[in-house]
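S.K.: Pasting a structure below so you can have a look.
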Amino acid sequence: MAAPAAIRQGSLFRAAANPLDFNNPAQALSGLLSLAVQLLASPRAALYEYDESENAFSPRFAQGIPLADLGRLSTATDHPVLRTALTGRQATTTGGSRESLGLPLAPGNVVCAPCQTGGQTIGLLFVANDSPAGYDAEALATVEIIASRTAEVLAFARQSATQSYLFHKLSLLYQATHAITSTRDRQEAVRQTAAHLLKATSADSCEVLVFGEGMGLTTRFRPQLGKSVQHTVVSMVTESMPEYPVHKQVLRDLKPATLSVVPPQGTPRDMSMLQEEGLAAAAVFPLSTHNQALGLVRLLYSQPGRQINEQEMELAQAVINIGAVGLQDAIHLETAKARADQLQLLGDIGRDLTSTLELEVALENAMQNAQRLLGVEACVLFLLDEPGEKLVLKASGGTTLRIRDVAIRLEEGIAGWVARNKQPLIANDVRANPLYHSSIDGQTGLLTSSVLCVPLETRGEVLGVIEAINHPRGAFVEGDQLMLASVASWAAVAIENANLFQRVAEERRRLEATLVETADAVVLTDRSGKIILVNKAAAQAFRINADMAAGRMADEIFFGHPLGGLLVGQEVSLPTTMEVTTPTERTLYASVSEVTDVGRVAVMQDITALKQIDRMRSQLLGTAAHDLKNPLNAIRLGADLLNDAPLSDQQRKALNMMQRATDSMTNLITGLLETIRVESNANLSFEPCQVNDLIRRAIEDLRPLAEARGHTIAYEPPHEAVLIVGDPSRLNSVMANLLSNAIKFTEPGGTITLSLDWDEDLVNVHVADNGPGIPDDEVPRVFEHLFRGRVTVRDPNNPIEGTGLGLALAKTVVEQHGGKIWVTSKPGEGATFHVTLPREPTPKTGSLRRG
Ligand code: ADP
């Protein structure tokens, strides 16, 4: 009894103790199957594993029978042995070969033991023999032990498979994330998504449809083994995706869906479309971020029976999600880039338009840039003609455009409407727009489908319109309108600038023509003294080539001539006038003045003729005076001779009158001759002289006269030398004239005071008397030629002699010295004459010449 028991225990022991290699589940499982065959001394054994997706047991390993001969076992089986094994969860055997029918390994005695783990049956172990004895309890116990060990191996294998799948999934997602998000390009993001989808699934091809800019075109990808046997994807032609009903559903629900022909899955329409495409199955995923669909992804299977499994589905959706984010990023980036490019282009258009005054070129460039900016077929600019009746095509951009003097009447077409209403207009389907005139297409050679038109206006006034023709995607949007409006404002500025420039240029031309043609000589310089213009008269008078003079310095052209100094000199105070002579012996009266923002201008009148007449007058006067003097001298001589003759009182009286008359006539003639001499400016000699000397000399010369009339002359000489530069003899006659007037007009016994004061620049001489003074109405006239006041005839019997030329002469001389003379007077209290002359700084050493 002991020995057989020991053997039997041995088989149970061996069943439990046989070592297993968990790292190699297949070997462990087939090892356990061999052990069962051996320990139960049976020819056949098989292991079935539970397949959740099928809800059935599938054969995995077999001994003594080919695996292919074994079929599946449904869990819903009603075989009593299987039912007992599944529900009773213990090993069961058939009572004989007949009962075994319907079981694997049949016919014969069949044992079935459940492989259980965690209360679940994950496999079934079958052992069979053909012995009439069948299996005893010990055998069943042994099979149970082997079955439970088989369950351990199966569970371990399943778990490690899940783990390795998880690892696989993680690494794939990591790679996908890296590859997809590192691209900044939409096409590349799509390509990478497709490549990783084909890696993650067993699909034969993958299609990605992206909405938006791509107009819903689909790119089809197929895996390909490259030369290096590396797995890559190739993208095939882009086309539109067939419109399966399921696509709408996927986009609406944003959830994936699967279609297959066998087993049938999907609506009949979807399935028939799938068959038409020659496909066996398809999985359709939404490509979406933030609940917004960017497109669709299809994974396609062409071999019958092939289908995506749940794990693949999950993995594919994860990759697609990453793809959606990458794609969104790329789109954002592209949009930002495109926007930046557009802004740049818009900036270029603005700069181009405003930096040139060649309007036609500028507008042409602007239209070319605007055409690129909007990506349209053509961009055209119309300007309103002068009467404001027609819009005339002025510039265009776009290669296909053919321009022929296109003009649109203001009351027709889209352009006319925009110009009239000063409002932009978008017509995305022009043929449906009542404003559209097809005749214009004939003129431009364009087939218009969509139009964007904006007005070109400045300060509320319409100058024209700009039209963008044929949007690349068929429809203009508000953004396009804003951009074209911006181009229009630049163009309006350019047009206005050009008009302004033209007006200014015209004005300038007119002014130039006037200046050039005028009879007066004109020389115009810029602020640096460079000649801008020498007109005809000036060129002739100065013998200058006007064209060659332009741009050269005025003091170079008028070298050694006072005009050069007047036009270039820094210390010239303007405006100023001056008589200048020309190389052609003409005398010009030049007035030089400042022209704001330009420079200086000299306008010169030819006064040669006037000068000549003046000279002739002086000569005539001189000759006449001279000719008169001789007979007068003869009369005076005759009268003097008669003096000694015996004459009656009456005769003597007449003789005296005659003598006085000839004297005063001689004086007048001498005075006139002197006036002519002085005013002709001739023989002026300039030299430094002391003012004190001039005054003292006058006093000395006239002292006898003053004493004769009982006057007192007061004069306090200065303590230092006060100098002026001038003609001493003429200045002396001025002093003498003032003093003699004071002596002459003041009643006997008067006081005449001469005084002198000075500052750094000027010397003032005052000659004051306490005589009758000058009536207010005569003050403005005393310096006129030949003027004599009422005072001279206060006593008609004894008139005060004089010529009325003295003060006029004094004025001329003082002014010739750059000075001034005036009188202040209180009638009845006396008169004071003032002379102011420029002072000459006193030299520290050296002697002064006396005048
Ligand atoms: P004349 O002395 O020969 O008359 P002037 O030209 O010297 O001519 O003077 C013009 C006029 O000015 C004089 O006739 C006189 O009426 C007035 N006049 C000049 N000096 C004085 C003076 N010191 N007091 C009053 N009247 C004067």
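Please note that chains go A, B, ... in the order of the structure tokens, that every chain numbers its residues from 1, and that ligands are numbered from 1 in the order shown.
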Ligand 1: which residues are within 9 Å, counting only C-alpha atoms and all ligand atoms? Reply as a ChimeraX atom specification.
M.R.: /A:737-746,767-775,778-779,781-792,800-810,825,827,830-833
S.K.: Please identify all polymer residues within 10 Å of Ile699 of chain A, counting only C-alpha atoms, omitting same-chain residues fewer than 6 positions from it, and present them as number ranges by chain.
M.R.: A: 693, 705-706, 713-715, 735-736, 739-740, 754
S.K.: When DSSP works through the backbone of this structure, what residues of segment 448-557 of chain A end up as alpha helix (DSSP H), shown as a VMD selection string?
M.R.: chain A and resid 478 to 517 536 to 542 546 to 549 554 to 557
S.K.: When you look at Pro562 of chain A with a cut-off of 9 Å (counting only C-alpha atoms), what residues show up, excluding the ones that are within fewer than 5 positions of it in the same chain? I need them as number ranges by chain.
M.R.: A: 555, 567, 578, 580
S.K.: Check the DSSP output for the backbone and give back, as a PyMOL selection string, the residues of segment 79-325 of chain A in strand (DSSP E).
M.R.: chain A and resi 92-93+109-117+120-129+205-210+217-225+231-240+257-260+281-289+292-301
S.K.: Could you tell me which of A:Ala147, A:Ser272, A:Val765, A:Ala200 comes closest to Ser171 of chain A if we count only C-alpha atoms?
M.R.: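 So, comparing all the options, the nearest one is A:Ala200.
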S.K.: Find the residues around Ala203 of chain A up to 12 Å (only C-alpha atoms counted), leave out those fewer than 4 positions away in its own chain, and share them as a list in words.
M.R.: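 The neighbour list is Ala194, Ala195, His196, Leu197, Leu198, Lys199, Glu207, Phe221, Arg222, Pro223, Leu279, Ala280, Ala281, Ala282, Ala283, Val284, Arg298, Leu299, Leu300, Tyr301, Ser302, Gln303, Arg306, Gln307, Ile308, Asn309, Glu312, Met313 and Ala316 of chain A.
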S.K.: Restrict the selected residues to N, CA, C and O atoms and save them as a CSV table (one decimal), in the first residue's frame.
M.R.:
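Saved as part09.csv:
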```csv
chain,number,residue,atom,x,y,z
A,194,ALA,N,0.8,61.5,-39.2
A,194,ALA,CA,0.5,60.3,-40.0
A,194,ALA,C,1.6,59.2,-39.7
A,194,ALA,O,1.2,58.0,-39.6
A,195,ALA,N,2.8,59.6,-39.7
A,195,ALA,CA,3.9,58.6,-39.5
A,195,ALA,C,3.7,57.9,-38.2
A,195,ALA,O,3.9,56.7,-38.1
A,196,HIS,N,3.4,58.7,-37.1
A,196,HIS,CA,3.3,58.0,-35.8
A,196,HIS,C,2.0,57.2,-35.7
A,196,HIS,O,1.9,56.2,-35.0
A,197,LEU,N,1.0,57.6,-36.5
A,197,LEU,CA,-0.3,56.8,-36.5
A,197,LEU,C,0.0,55.4,-37.1
A,197,LEU,O,-0.5,54.4,-36.7
A,198,LEU,N,0.8,55.5,-38.2
A,198,LEU,CA,1.1,54.2,-38.9
A,198,LEU,C,2.0,53.3,-38.1
A,198,LEU,O,2.0,52.1,-38.2
A,199,LYS,N,2.8,53.9,-37.2
A,199,LYS,CA,3.6,53.2,-36.3
A,199,LYS,C,2.8,52.5,-35.2
A,199,LYS,O,3.0,51.4,-34.8
A,207,GLU,N,-5.2,58.8,-43.7
A,207,GLU,CA,-5.5,60.1,-44.4
A,207,GLU,C,-5.8,61.2,-43.4
A,207,GLU,O,-6.4,61.0,-42.4
A,221,PHE,N,-1.4,59.2,-46.6
A,221,PHE,CA,-0.1,58.7,-46.3
A,221,PHE,C,0.0,57.2,-46.3
A,221,PHE,O,-1.0,56.5,-46.0
A,222,ARG,N,1.1,56.6,-46.7
A,222,ARG,CA,1.3,55.2,-46.7
A,222,ARG,C,2.6,54.9,-46.2
A,222,ARG,O,3.6,55.6,-46.4
A,223,PRO,N,2.7,53.8,-45.3
A,223,PRO,CA,4.0,53.5,-44.8
A,223,PRO,C,4.9,52.9,-45.9
A,223,PRO,O,4.4,52.3,-46.9
A,279,LEU,N,-11.8,49.1,-49.6
A,279,LEU,CA,-11.3,48.9,-48.2
A,279,LEU,C,-12.1,47.9,-47.4
A,279,LEU,O,-13.3,47.6,-47.7
A,280,ALA,N,-11.4,47.3,-46.4
A,280,ALA,CA,-12.1,46.3,-45.6
A,280,ALA,C,-12.6,47.0,-44.3
A,280,ALA,O,-13.7,46.6,-43.8
A,281,ALA,N,-11.8,47.9,-43.8
A,281,ALA,CA,-12.2,48.6,-42.6
A,281,ALA,C,-11.6,50.0,-42.5
A,281,ALA,O,-10.6,50.2,-43.2
A,282,ALA,N,-12.2,50.8,-41.7
A,282,ALA,CA,-11.7,52.1,-41.5
A,282,ALA,C,-12.0,52.6,-40.1
A,282,ALA,O,-13.0,52.2,-39.5
A,283,ALA,N,-11.1,53.4,-39.5
A,283,ALA,CA,-11.4,54.0,-38.2
A,283,ALA,C,-11.3,55.5,-38.5
A,283,ALA,O,-10.4,56.0,-39.1
A,284,VAL,N,-12.3,56.3,-38.1
A,284,VAL,CA,-12.4,57.7,-38.4
A,284,VAL,C,-12.3,58.5,-37.1
A,284,VAL,O,-13.0,58.2,-36.1
A,298,ARG,N,-8.3,59.4,-41.0
A,298,ARG,CA,-8.9,58.1,-41.3
A,298,ARG,C,-7.7,57.1,-41.3
A,298,ARG,O,-6.7,57.3,-41.9
A,299,LEU,N,-7.9,56.0,-40.5
A,299,LEU,CA,-7.0,54.9,-40.6
A,299,LEU,C,-7.6,53.8,-41.5
A,299,LEU,O,-8.8,53.4,-41.2
A,300,LEU,N,-7.0,53.4,-42.5
A,300,LEU,CA,-7.6,52.5,-43.5
A,300,LEU,C,-7.0,51.1,-43.5
A,300,LEU,O,-5.7,51.0,-43.5
A,301,TYR,N,-7.8,50.1,-43.6
A,301,TYR,CA,-7.4,48.7,-43.7
A,301,TYR,C,-7.9,48.1,-45.0
A,301,TYR,O,-9.1,48.2,-45.2
A,302,SER,N,-7.0,47.5,-45.7
A,302,SER,CA,-7.5,47.0,-47.0
A,302,SER,C,-7.7,45.5,-47.0
A,302,SER,O,-8.5,45.0,-47.8
A,303,GLN,N,-7.0,44.8,-46.1
A,303,GLN,CA,-7.1,43.3,-46.2
A,303,GLN,C,-8.4,42.9,-45.4
A,303,GLN,O,-8.6,43.3,-44.3
A,306,ARG,N,-9.1,42.4,-41.4
A,306,ARG,CA,-8.3,43.2,-40.6
A,306,ARG,C,-9.1,44.4,-40.0
A,306,ARG,O,-10.0,44.9,-40.6
A,307,GLN,N,-8.9,44.7,-38.8
A,307,GLN,CA,-9.6,45.8,-38.1
A,307,GLN,C,-8.8,46.3,-37.0
A,307,GLN,O,-7.9,45.7,-36.5
A,308,ILE,N,-9.1,47.6,-36.7
A,308,ILE,CA,-8.3,48.2,-35.6
A,308,ILE,C,-8.8,47.6,-34.3
A,308,ILE,O,-10.0,47.3,-34.1
A,309,ASN,N,-7.9,47.4,-33.3
A,309,ASN,CA,-8.4,46.9,-32.0
A,309,ASN,C,-8.5,48.0,-31.0
A,309,ASN,O,-8.1,49.2,-31.3
A,312,GLU,N,-5.2,49.9,-30.1
A,312,GLU,CA,-4.8,50.7,-31.2
A,312,GLU,C,-5.6,52.0,-31.3
A,312,GLU,O,-5.1,53.1,-31.6
A,313,MET,N,-6.9,51.8,-31.1
A,313,MET,CA,-7.8,52.9,-31.2
A,313,MET,C,-7.4,54.0,-30.2
A,313,MET,O,-7.3,55.2,-30.5
A,316,ALA,N,-4.1,55.5,-31.1
A,316,ALA,CA,-4.3,56.4,-32.3
A,316,ALA,C,-4.9,57.7,-31.9
A,316,ALA,O,-4.4,58.8,-32.3
```
S.K.: Counting only C-alpha atoms, what are the residues of segment 79-117 of chain A within 12 Å of segment 56-61 of chain A, and for each of them which pair of atoms is the nearest and at what distance in Å, to one decimal? Sort the table by chain and rising number, as a Markdown table.
M.R.:
```
| residue | atom | partner | partner_atom | distance |
| --- | --- | --- | --- | --- |
| A:Leu82 | CA | A:Phe57 | CA | 11.4 |
| A:Leu86 | CA | A:Phe57 | CA | 11.5 |
| A:Pro104 | CA | A:Pro59 | CA | 9.5 |
| A:Leu105 | CA | A:Pro59 | CA | 11.4 |
| A:Pro114 | CA | A:Phe57 | CA | 11.2 |
| A:Cys115 | CA | A:Phe57 | CA | 11.5 |
```
S.K.: Might you pull out every residue within 9 Å of Asp757 of chain A, with only C-alpha atoms counted and same-chain residues fewer than 6 positions away left off, and present them as a list in words?
M.R.: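 So the residues in contact are Pro718, Val763, Asn764, Val765 and His766 of chain A.
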